[in-house]
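Q: As input, take query-v2.cif (mmCIF, C-alpha atoms):
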data_my_file
#
loop_
_atom_site.label_atom_id
_atom_site.label_comp_id
_atom_site.auth_asym_id
_atom_site.auth_seq_id
_atom_site.Cartn_x
_atom_site.Cartn_y
_atom_site.Cartn_z
CA MET A 187 23.10 21.70 6.82
CA ASN A 188 25.52 21.01 3.96
CA ARG A 189 23.62 18.72 1.60
CA ASP A 190 26.89 17.44 0.18
CA ARG A 191 27.24 15.42 3.38
CA LEU A 192 23.96 13.61 2.77
CA ASN A 193 23.22 10.62 0.55
CA PRO A 194 22.98 12.09 -2.97
CA ILE A 195 20.32 9.57 -3.98
CA TYR A 196 17.91 11.44 -1.71
CA ALA A 197 19.53 14.84 -1.21
CA GLN A 198 19.24 15.63 -4.92
CA MET A 199 15.78 14.16 -5.28
CA GLY A 200 12.61 16.24 -5.29
CA VAL A 201 9.18 15.10 -4.15
CA THR A 202 7.59 12.55 -6.46
CA VAL A 203 5.38 13.80 -9.26
CA PHE A 204 2.47 11.97 -7.60
CA GLU A 205 2.83 14.02 -4.43
CA ALA A 206 3.36 17.22 -6.44
CA MET A 207 0.34 16.64 -8.68
CA SER A 208 -1.95 15.63 -5.83
CA GLY A 209 -0.82 18.71 -3.90
CA ALA A 210 -1.54 20.91 -6.91
CA ALA A 211 -4.96 19.32 -7.31
CA ARG A 212 -5.79 20.06 -3.66
CA ASP A 213 -4.48 23.61 -3.80
CA LEU A 214 -6.18 24.46 -7.10
CA GLY A 215 -9.41 22.52 -6.63
CA ALA A 216 -8.61 20.37 -9.66
CA ILE A 217 -10.01 16.91 -10.37
CA ASN A 218 -7.29 14.43 -9.45
CA LEU A 219 -6.89 11.78 -12.13
CA GLY A 220 -3.18 11.67 -11.36
CA GLN A 221 -2.33 9.61 -8.28
CA GLY A 222 -3.75 6.10 -8.45
CA PHE A 223 -6.34 5.79 -5.73
CA PRO A 224 -10.13 5.28 -5.83
CA ASP A 225 -12.49 7.94 -4.53
CA ALA A 226 -14.74 5.28 -2.91
CA PRO A 227 -14.27 4.42 0.80
CA GLY A 228 -13.65 0.71 0.19
CA PRO A 229 -15.68 -2.40 1.07
CA ARG A 230 -17.78 -1.75 4.15
CA ALA A 231 -17.42 -5.34 5.39
CA LEU A 232 -13.63 -5.04 5.40
CA LEU A 233 -13.71 -1.70 7.20
CA GLU A 234 -15.96 -3.19 9.87
CA ALA A 235 -13.68 -6.22 10.22
CA ALA A 236 -10.70 -3.93 10.83
CA ALA A 237 -12.68 -1.85 13.36
CA ARG A 238 -13.68 -4.98 15.29
CA ALA A 239 -10.07 -6.12 15.31
CA VAL A 240 -8.95 -2.79 16.82
CA LEU A 241 -11.55 -3.01 19.57
CA ASP A 242 -11.07 -6.69 20.30
CA GLY A 243 -7.29 -6.71 19.94
CA PRO A 244 -4.58 -7.67 20.21
CA ASN A 245 -2.95 -4.35 19.39
CA GLN A 246 0.65 -5.15 20.29
CA TYR A 247 3.44 -6.23 17.93
CA PRO A 248 2.36 -9.07 15.69
CA PRO A 249 4.99 -11.47 14.32
CA SER A 250 7.43 -9.71 12.02
CA ARG A 251 6.60 -12.06 9.13
CA GLY A 252 2.88 -11.38 9.53
CA LEU A 253 -0.07 -12.96 11.27
CA PRO A 254 -0.22 -16.70 10.48
CA VAL A 255 -3.91 -16.33 9.63
CA LEU A 256 -3.07 -13.81 6.90
CA ARG A 257 -0.07 -15.68 5.54
CA ASP A 258 -2.17 -18.81 5.27
CA ALA A 259 -5.00 -16.84 3.61
CA VAL A 260 -2.56 -15.39 1.04
CA ALA A 261 -1.30 -18.87 0.15
CA ARG A 262 -4.86 -20.20 -0.21
CA HIS A 263 -5.96 -17.18 -2.23
CA TYR A 264 -3.17 -17.51 -4.78
CA GLY A 265 -3.74 -21.23 -4.97
CA ARG A 266 -7.42 -20.68 -5.76
CA HIS A 267 -7.03 -17.78 -8.18
CA GLN A 268 -3.68 -18.48 -9.87
CA GLY A 269 -2.96 -22.14 -9.23
CA LEU A 270 0.20 -21.34 -7.27
CA ASP A 271 1.62 -23.90 -4.85
CA LEU A 272 2.48 -21.61 -1.93
CA THR A 273 2.64 -22.32 1.78
CA GLU A 274 2.45 -20.03 4.79
CA THR A 275 6.24 -20.24 5.11
CA GLY A 276 6.55 -18.84 1.57
CA VAL A 277 4.57 -15.67 2.40
CA LEU A 278 5.84 -12.49 4.07
CA VAL A 279 3.49 -9.64 5.06
CA THR A 280 4.92 -6.16 4.55
CA SER A 281 3.82 -2.57 5.11
CA GLY A 282 2.74 -2.07 1.54
CA ALA A 283 3.98 -3.53 -1.73
CA THR A 284 6.73 -0.92 -2.05
CA GLU A 285 8.24 -2.17 1.20
CA ALA A 286 8.08 -5.71 -0.17
CA ILE A 287 9.94 -4.53 -3.28
CA ALA A 288 12.50 -2.71 -1.12
CA ALA A 289 13.12 -5.80 1.02
CA ALA A 290 13.41 -7.95 -2.11
CA VAL A 291 15.90 -5.56 -3.73
CA LEU A 292 18.01 -5.40 -0.56
CA THR A 293 17.97 -9.20 -0.43
CA VAL A 294 18.97 -9.77 -4.04
CA VAL A 295 21.13 -6.83 -5.13
CA ARG A 296 24.79 -6.51 -4.13
CA PRO A 297 27.04 -3.53 -4.88
CA GLY A 298 27.93 -3.55 -8.57
CA ASP A 299 25.07 -5.85 -9.61
CA GLY A 300 23.01 -4.96 -12.66
CA VAL A 301 19.23 -5.03 -12.46
CA VAL A 302 17.07 -5.04 -15.59
CA VAL A 303 14.19 -2.58 -15.21
CA ILE A 304 11.45 -2.28 -17.83
CA GLU A 305 10.55 1.34 -18.57
CA PRO A 306 8.21 3.10 -18.19
CA ALA A 307 8.66 1.87 -14.62
CA TYR A 308 7.17 2.52 -11.20
CA ASP A 309 9.34 5.30 -9.84
CA ALA A 310 10.54 3.41 -6.74
CA TYR A 311 12.50 0.77 -8.63
CA GLY A 312 15.47 2.89 -9.71
CA PRO A 313 16.17 4.56 -6.34
CA LEU A 314 15.85 1.24 -4.51
CA VAL A 315 18.28 -0.49 -6.85
CA ARG A 316 20.78 2.35 -6.60
CA ARG A 317 20.43 2.49 -2.80
CA ALA A 318 21.40 -1.18 -2.70
CA GLY A 319 24.50 -0.36 -4.75
CA GLY A 320 23.15 -1.76 -8.00
CA GLU A 321 23.01 -0.40 -11.54
CA VAL A 322 19.76 0.00 -13.47
CA GLN A 323 19.88 -1.66 -16.90
CA THR A 324 16.96 -0.36 -18.91
CA VAL A 325 14.55 -2.05 -21.27
CA ARG A 326 12.40 0.57 -23.00
CA LEU A 327 8.82 -0.10 -24.15
CA ALA A 328 7.32 2.08 -26.86
CA PRO A 329 3.76 3.34 -27.36
CA PRO A 330 1.16 2.62 -28.48
CA ASP A 331 1.42 -1.17 -28.05
CA TRP A 332 4.12 -1.26 -25.32
CA ARG A 333 5.17 -4.83 -26.25
CA LEU A 334 7.96 -6.73 -24.52
CA THR A 335 10.20 -9.10 -26.50
CA GLU A 336 12.93 -11.54 -25.59
CA ALA A 337 15.35 -9.69 -27.87
CA VAL A 338 15.02 -6.36 -26.06
CA ILE A 339 15.33 -8.00 -22.64
CA GLN A 340 18.36 -9.98 -23.75
CA ALA A 341 20.00 -6.82 -25.10
CA ALA A 342 19.91 -5.24 -21.63
CA VAL A 343 21.69 -8.14 -19.91
CA THR A 344 25.42 -7.86 -19.19
CA PRO A 345 27.88 -10.04 -17.26
CA THR A 346 27.02 -8.03 -14.12
CA THR A 347 23.27 -8.59 -14.33
CA ARG A 348 21.92 -10.22 -11.20
CA ALA A 349 18.17 -9.59 -11.26
CA LEU A 350 15.17 -8.39 -13.23
CA ILE A 351 12.17 -6.41 -12.03
CA LEU A 352 8.91 -7.14 -13.85
CA ASN A 353 5.61 -5.31 -13.38
CA THR A 354 2.44 -6.87 -14.75
CA PRO A 355 -0.29 -5.67 -15.04
CA HIS A 356 1.91 -2.74 -15.95
CA ASN A 357 1.82 0.70 -14.39
CA PRO A 358 1.66 3.20 -16.11
CA THR A 359 0.75 1.71 -19.51
CA GLY A 360 -2.12 -0.59 -18.50
CA ARG A 361 -0.59 -3.56 -20.36
CA VAL A 362 -1.09 -7.12 -19.13
CA PHE A 363 1.84 -8.98 -20.60
CA ASP A 364 0.65 -12.04 -22.53
CA ASP A 365 1.90 -15.63 -22.46
CA GLN A 366 4.54 -14.97 -25.11
CA GLU A 367 5.92 -11.95 -23.27
CA MET A 368 5.96 -13.75 -19.92
CA ALA A 369 7.73 -16.72 -21.51
CA ALA A 370 10.32 -14.28 -22.89
CA VAL A 371 11.01 -12.87 -19.43
CA ALA A 372 11.32 -16.38 -17.99
CA ALA A 373 13.65 -17.52 -20.78
CA VAL A 374 16.11 -14.69 -20.15
CA CYS A 375 16.00 -15.23 -16.38
CA ARG A 376 16.72 -18.95 -16.76
CA ARG A 377 19.45 -18.42 -19.36
CA HIS A 378 21.37 -15.97 -17.17
CA ASP A 379 20.44 -17.35 -13.73
CA LEU A 380 18.64 -14.12 -12.78
CA ILE A 381 16.38 -13.62 -9.79
CA ALA A 382 13.09 -11.96 -10.72
CA ILE A 383 11.16 -9.52 -8.55
CA SER A 384 7.67 -9.65 -10.03
CA ASP A 385 5.48 -6.71 -9.02
CA GLU A 386 1.99 -8.10 -9.56
CA VAL A 387 -0.01 -5.71 -7.39
CA TRP A 388 -2.67 -5.15 -10.10
CA GLU A 389 -3.22 -8.90 -10.61
CA HIS A 390 -6.97 -8.78 -9.87
CA ILE A 391 -7.59 -5.67 -11.96
CA VAL A 392 -7.61 -7.10 -15.49
CA PHE A 393 -10.31 -6.47 -18.08
CA ASP A 394 -12.24 -7.94 -20.99
CA GLY A 395 -11.98 -11.50 -19.68
CA ARG A 396 -8.22 -11.42 -20.05
CA PRO A 397 -6.42 -14.07 -17.94
CA PHE A 398 -3.61 -13.23 -15.54
CA ALA A 399 -0.74 -15.61 -14.83
CA SER A 400 2.00 -14.97 -12.29
CA LEU A 401 5.65 -15.16 -13.31
CA LEU A 402 5.90 -17.80 -10.55
CA SER A 403 3.89 -20.14 -12.79
CA GLN A 404 6.39 -20.03 -15.68
CA PRO A 405 8.60 -23.13 -16.04
CA GLY A 406 11.73 -22.90 -13.92
CA MET A 407 10.69 -19.64 -12.25
CA ALA A 408 9.23 -20.81 -8.93
CA GLU A 409 12.67 -21.07 -7.30
CA ARG A 410 13.93 -17.74 -8.65
CA THR A 411 10.91 -15.38 -8.37
CA ILE A 412 9.78 -13.10 -5.55
CA LYS A 413 6.14 -12.30 -6.24
CA VAL A 414 4.80 -9.03 -4.77
CA GLY A 415 1.08 -8.46 -4.12
CA SER A 416 -1.04 -5.74 -2.54
CA ALA A 417 -4.24 -5.93 -0.53
CA GLY A 418 -4.61 -2.18 -1.04
CA LYS A 419 -4.99 -2.70 -4.78
CA MET A 420 -7.19 -5.80 -4.43
CA PHE A 421 -9.71 -4.06 -2.17
CA GLY A 422 -9.36 -0.41 -3.15
CA LEU A 423 -7.84 0.49 0.24
CA THR A 424 -4.53 1.98 -0.80
CA GLY A 425 -3.96 3.67 2.57
CA TRP A 426 -3.91 0.37 4.43
CA LYS A 427 -0.48 -0.50 3.02
CA ILE A 428 -0.69 -4.27 3.32
CA GLY A 429 1.68 -6.01 0.93
CA PHE A 430 2.91 -9.55 0.38
CA ALA A 431 6.18 -11.08 -0.79
CA CYS A 432 5.76 -14.68 -1.92
CA GLY A 433 7.99 -17.44 -3.20
CA THR A 434 9.95 -20.47 -2.04
CA PRO A 435 10.41 -20.57 1.76
CA ASP A 436 14.22 -20.42 1.44
CA LEU A 437 14.04 -17.23 -0.61
CA ILE A 438 11.32 -15.56 1.45
CA GLU A 439 13.21 -16.32 4.67
CA VAL A 440 16.01 -14.01 3.53
CA VAL A 441 13.59 -11.32 2.33
CA ALA A 442 12.03 -11.45 5.81
CA ARG A 443 15.43 -10.68 7.35
CA ALA A 444 15.65 -7.48 5.30
CA HIS A 445 12.03 -6.61 6.18
CA GLN A 446 12.68 -6.87 9.93
CA PHE A 447 15.01 -3.86 9.67
CA LEU A 448 12.69 -1.80 7.48
CA THR A 449 9.23 -1.69 9.07
CA PHE A 450 9.58 -4.87 11.19
CA THR A 451 5.83 -5.46 11.19
CA THR A 452 2.42 -4.24 10.04
CA PRO A 453 -0.78 -3.27 11.97
CA PRO A 454 -2.45 -6.48 13.18
CA ASN A 455 -6.04 -5.28 12.82
CA LEU A 456 -5.56 -4.56 9.12
CA GLN A 457 -3.87 -7.92 8.65
CA SER A 458 -6.74 -9.85 10.20
CA ALA A 459 -9.30 -7.93 8.13
CA VAL A 460 -7.43 -8.62 4.90
CA ALA A 461 -7.32 -12.31 5.82
CA GLU A 462 -11.13 -12.28 5.84
CA GLY A 463 -11.31 -10.49 2.51
CA LEU A 464 -8.98 -12.89 0.73
CA ASP A 465 -11.47 -15.68 1.39
CA TRP A 466 -14.39 -13.79 -0.16
CA PRO A 467 -16.08 -15.59 -3.07
CA ASP A 468 -14.79 -15.19 -6.61
CA ASP A 469 -17.93 -13.21 -7.51
CA TRP A 470 -16.78 -10.28 -5.37
CA PHE A 471 -13.54 -9.94 -7.31
CA ALA A 472 -15.39 -10.33 -10.62
CA ASP A 473 -17.83 -7.57 -9.66
CA MET A 474 -14.98 -5.30 -8.61
CA ARG A 475 -13.30 -5.79 -11.99
CA ALA A 476 -16.55 -5.20 -13.84
CA GLY A 477 -17.11 -1.90 -12.04
CA LEU A 478 -13.63 -0.65 -12.89
CA GLN A 479 -14.01 -1.81 -16.48
CA ARG A 480 -17.19 0.28 -16.80
CA SER A 481 -15.27 3.28 -15.47
CA ARG A 482 -12.44 2.64 -17.93
CA ASP A 483 -14.92 2.46 -20.80
CA ARG A 484 -16.73 5.61 -19.67
CA LEU A 485 -13.53 7.66 -19.57
CA THR A 486 -12.21 6.14 -22.81
CA SER A 487 -15.35 6.82 -24.83
CA GLY A 488 -15.69 10.36 -23.48
CA LEU A 489 -12.10 11.23 -24.30
CA GLU A 490 -12.29 9.70 -27.75
CA ARG A 491 -15.43 11.72 -28.52
CA ALA A 492 -13.44 14.81 -27.50
CA GLY A 493 -10.71 13.97 -30.02
CA PHE A 494 -8.11 12.35 -27.78
CA VAL A 495 -6.28 9.14 -28.73
CA VAL A 496 -6.29 6.52 -25.95
CA THR A 497 -3.88 3.58 -25.83
CA PRO A 498 -5.49 0.27 -24.77
CA SER A 499 -5.89 -0.30 -21.03
CA GLU A 500 -5.88 -4.03 -20.33
CA GLY A 501 -5.58 -3.71 -16.54
CA THR A 502 -4.74 -1.42 -13.57
CA TYR A 503 -6.58 1.82 -12.70
CA PHE A 504 -4.99 3.64 -15.64
CA LEU A 505 -5.34 4.56 -19.28
CA CYS A 506 -2.95 6.66 -21.33
CA LEU A 507 -3.39 9.50 -23.81
CA ASP A 508 -1.17 9.50 -26.90
CA LEU A 509 -0.59 13.24 -27.30
CA PRO A 510 1.24 13.30 -30.65
CA ALA A 511 -1.46 11.12 -32.20
CA ALA A 512 -4.05 13.71 -31.12
CA GLY A 513 -1.97 16.62 -32.43
CA LEU A 514 -1.03 17.86 -28.95
CA GLY A 515 2.76 17.68 -29.18
CA GLN A 516 5.40 15.60 -27.47
CA ASP A 517 6.00 17.40 -24.14
CA ASP A 518 3.81 15.47 -21.71
CA GLU A 519 5.29 17.08 -18.60
CA ALA A 520 4.54 20.63 -19.76
CA LEU A 521 1.03 19.66 -20.84
CA ALA A 522 0.31 17.90 -17.53
CA TRP A 523 1.13 21.09 -15.61
CA THR A 524 -0.92 23.19 -18.04
CA LEU A 525 -3.92 20.91 -17.55
CA VAL A 526 -3.85 21.05 -13.76
CA ARG A 527 -3.13 24.79 -13.51
CA GLU A 528 -5.32 26.13 -16.29
CA HIS A 529 -7.96 23.47 -16.91
CA GLY A 530 -8.50 21.82 -13.52
CA VAL A 531 -7.48 18.20 -14.19
CA ALA A 532 -4.43 16.51 -12.66
CA SER A 533 -2.68 13.78 -14.65
CA ILE A 534 0.73 12.11 -14.63
CA PRO A 535 3.23 12.50 -17.50
CA VAL A 536 4.56 9.07 -18.42
CA SER A 537 8.00 10.60 -19.02
CA VAL A 538 8.58 10.63 -15.24
CA PHE A 539 8.50 6.82 -15.30
CA GLN A 540 11.57 6.56 -17.50
CA SER A 541 14.97 7.94 -18.41
CA GLY A 542 15.55 9.61 -21.75
CA PRO A 543 13.32 11.80 -23.93
CA SER A 544 9.66 12.61 -23.41
CA THR A 545 7.14 9.95 -24.34
CA GLY A 546 4.33 12.32 -25.27
CA VAL A 547 1.95 10.22 -23.14
CA LEU A 548 -0.23 11.17 -20.16
CA ARG A 549 -1.57 8.69 -17.58
CA LEU A 550 -5.08 9.12 -16.17
CA CYS A 551 -6.68 7.23 -13.27
CA PHE A 552 -10.27 6.10 -13.89
CA ALA A 553 -10.99 4.59 -10.45
CA LYS A 554 -13.43 7.43 -9.80
CA SER A 555 -17.19 8.00 -9.68
CA ASP A 556 -19.17 8.59 -12.87
CA GLU A 557 -19.75 12.20 -11.84
CA VAL A 558 -16.05 12.87 -11.38
CA LEU A 559 -15.17 11.18 -14.68
CA ASP A 560 -17.83 13.15 -16.57
CA GLN A 561 -16.59 16.43 -15.10
CA ALA A 562 -13.02 15.53 -16.05
CA ILE A 563 -14.07 14.63 -19.60
CA GLY A 564 -15.79 18.00 -19.98
CA ARG A 565 -12.76 19.90 -18.72
CA LEU A 566 -10.34 17.93 -20.88
CA ALA A 567 -12.54 18.41 -23.95
CA ARG A 568 -12.50 22.17 -23.43
CA ALA A 569 -8.75 22.05 -22.83
CA ARG A 570 -8.19 20.22 -26.10
CA ASP A 571 -10.20 22.82 -28.01
CA THR A 572 -8.07 25.56 -26.44
CA LEU A 573 -4.77 23.78 -26.99
CA LYS A 574 -5.59 22.94 -30.63
CA ALA A 575 -6.75 26.49 -31.43
#
Show this structure as structure tokens.
A:
Amino acid sequence: MNRDRLNPIYAQMGVTVFEAMSGAARDLGAINLGQGFPDAPGPRALLEAAARAVLDGPNQYPPSRGLPVLRDAVARHYGRHQGLDLTETGVLVTSGATEAIAAAVLTVVRPGDGVVVIEPAYDAYGPLVRRAGGEVQTVRLAPPDWRLTEAVIQAAVTPTTRALILNTPHNPTGRVFDDQEMAAVAAVCRRHDLIAISDEVWEHIVFDGRPFASLLSQPGMAERTIKVGSAGKMFGLTGWKIGFACGTPDLIEVVARAHQFLTFTTPPNLQSAVAEGLDWPDDWFADMRAGLQRSRDRLTSGLERAGFVVTPSEGTYFLCLDLPAAGLGQDDEALAWTLVREHGVASIPVSVFQSGPSTGVLRLCFAKSDEVLDQAIGRLARARDTLKA
């Protein structure tokens, strides 16, 4: 096959670094702190609910927009936890959050449109924008504080700009953008009549009592924001691939038309189980956050004792190592491969999340057991001694 005849967006693309690192971890027997998934099986009650739904049925096509019971549960859940005024008609169920983002991009972006993307950025954003015929217009955050300002967002906007993609809590940095930063995003969107795709999949995984507010709640943003959520992140069941796109009914209606030609629908048993979980008491979500915060603190303190420099993790499953600050150089990609091949720990270089020069930052996932984290700390400590020698 002549690859020149294929779409260059994909023909020239390799496998993602997440797939490559996880494959290397499996092949080499390394500890996988790279790809962002927990090593726990997930809440037993939710697994049992899904199993019952398989046995009891139905197991035929559910409605393309999602089971009404789940769409209603999503609207109630966001009303209870974030004060959002959503209805069932403003909720679309998708096969994972990435599919929700894809449907949103295909809905919003026309050939030649500019889309502001904040880097480091989840690696799906750029290819999806380009596949829709759009142009990525980059805002670059810098370590160690990774702050977002109205001036840097404004500088990325051109007369062609049509949309902005926001991710908060932010993967890979672990930032939860504060009120001032969220107001800055909203101000630019209002000023230039931009539609925002707000990837909020980590919304329940925020630490240290920090509040989370959706971009939908900013003044003037309800009618111009597509909010994306993920049951997989909420419940630690990343393989279930249950996502949500939420917003005004008029906007979500068009996103649903794009979705019907992507995956069309999503397994009904998983949908009905997630609907049960979304109605669980607030204490369950608080306990989940507390457990992940303990894991974050365990990995952070162990790495700092070993001489690493850790940038603050305010949310998500991730914390980042500042390599130059620890005297380990700037080339995060080379170091990531050295660590997995020679020292038995898989990580993700933050450089893969952005265009331009290396960041000198590695991302680690702490959604693991204490035993796994302690083993990883020991291996990384020995690696640092070797690399500094």
Q: Pick out the residues sitting within 8 Å of Gly418 (chain A), and hand them over as a list in words; count all atoms listed in the file, and ignore anything fewer than 5 positions along from it in its own chain.
A: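 The residues that qualify are Gly282, Leu423, Thr424, Gly425, Trp426, Lys427, Ile428 and Gly429 of chain A.
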Q: For the contact check between region 357-463 of chain A and region 251-271 of chain A, emit one row per residue of region 357-463 of chain A within 8 Å, containing the shortest atom pair and the distance in Å rounded to one decimal, counting all atoms listed in the file, chain then rising number order, as JSON lines.
A:
{"residue": "A:Phe398", "atom": "CA", "partner": "A:Gln268", "partner_atom": "CA", "distance": 7.7}
{"residue": "A:Ala399", "atom": "CA", "partner": "A:Gln268", "partner_atom": "CA", "distance": 6.4}
{"residue": "A:Ser400", "atom": "CA", "partner": "A:Gln268", "partner_atom": "CA", "distance": 7.1}
{"residue": "A:Leu402", "atom": "CA", "partner": "A:Leu270", "partner_atom": "CA", "distance": 7.5}
{"residue": "A:Ser403", "atom": "CA", "partner": "A:Leu270", "partner_atom": "CA", "distance": 6.7}
{"residue": "A:Ala442", "atom": "CA", "partner": "A:Arg251", "partner_atom": "CA", "distance": 6.4}
{"residue": "A:Thr451", "atom": "CA", "partner": "A:Gly252", "partner_atom": "CA", "distance": 6.8}
{"residue": "A:Thr452", "atom": "CA", "partner": "A:Gly252", "partner_atom": "CA", "distance": 7.2}
{"residue": "A:Pro454", "atom": "CA", "partner": "A:Leu253", "partner_atom": "CA", "distance": 7.2}
{"residue": "A:Gln457", "atom": "CA", "partner": "A:Leu256", "partner_atom": "CA", "distance": 6.2}
{"residue": "A:Ser458", "atom": "CA", "partner": "A:Leu256", "partner_atom": "CA", "distance": 6.3}
{"residue": "A:Val460", "atom": "CA", "partner": "A:Leu256", "partner_atom": "CA", "distance": 7.1}
{"residue": "A:Ala461", "atom": "CA", "partner": "A:Leu256", "partner_atom": "CA", "distance": 4.6}
{"residue": "A:Glu462", "atom": "CA", "partner": "A:Ala259", "partner_atom": "CA", "distance": 8.0}
Q: Considering all atoms listed in the file, give me a table of residues in region 294-339 of chain A that are at most 12 Å from region 546-560 of chain A, with the closest atom pair and distance in Å for each, as a Markdown table.
A:
| residue | atom | partner | partner_atom | distance |
| --- | --- | --- | --- | --- |
| A:Pro306 | CA | A:Val547 | CA | 10.7 |
| A:Ala328 | CA | A:Val547 | CA | 10.4 |
| A:Pro329 | CA | A:Val547 | CA | 8.3 |
| A:Pro330 | CA | A:Val547 | CA | 9.3 |
| A:Trp332 | CA | A:Val547 | CA | 11.9 |
Q: Could you tell me, as a list in words, exactly which residues end up selected when the PyMOL selection byres ((chain A and resi 489-492) around 10) is applied to this structure?
A: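 Selected by the PyMOL selection byres ((chain A and resi 489-492) around 10) here: Asp483, Arg484, Leu485, Thr486, Ser487, Gly488, Gly493, Phe494, Val495, Val496, Leu507, Ala512, Asp560, Ala562, Ile563, Gly564, Leu566, Ala567, Arg568, Ala569, Arg570 and Asp571 of chain A.
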Q: Applying the PyMOL selection byres ((chain A and resi 226-240) around 7) to the file I just gave you, which residues come out? Please list them as a ChimeraX atom specification.
A: /A:224-225,241-243,245,421-423,455-456,459,463
Q: Go ahead and dump the residues you just picked, C-alpha atoms, as a short mmCIF file (atom, residue, chain, number, x, y, z; two decimals), keeping the file's coordinate frame.
A:
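Once written, result.cif looks like this:
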data_model
loop_
_atom_site.label_atom_id
_atom_site.label_comp_id
_atom_site.auth_asym_id
_atom_site.auth_seq_id
_atom_site.Cartn_x
_atom_site.Cartn_y
_atom_site.Cartn_z
CA PRO A 224 -10.13 5.28 -5.83
CA ASP A 225 -12.49 7.94 -4.53
CA LEU A 241 -11.55 -3.01 19.57
CA ASP A 242 -11.07 -6.69 20.30
CA GLY A 243 -7.29 -6.71 19.94
CA ASN A 245 -2.95 -4.35 19.39
CA PHE A 421 -9.71 -4.06 -2.17
CA GLY A 422 -9.36 -0.41 -3.15
CA LEU A 423 -7.84 0.49 0.24
CA ASN A 455 -6.04 -5.28 12.82
CA LEU A 456 -5.56 -4.56 9.12
CA ALA A 459 -9.30 -7.93 8.13
CA GLY A 463 -11.31 -10.49 2.51
#
Q: Mind checking which residues fall within 9 Å of Pro535 (chain A), counting only C-alpha atoms, ignoring those fewer than 4 positions away in the same chain, and posting them as a PyMOL selection string?
A: chain A and resi 203+220+517-522+539+544-549
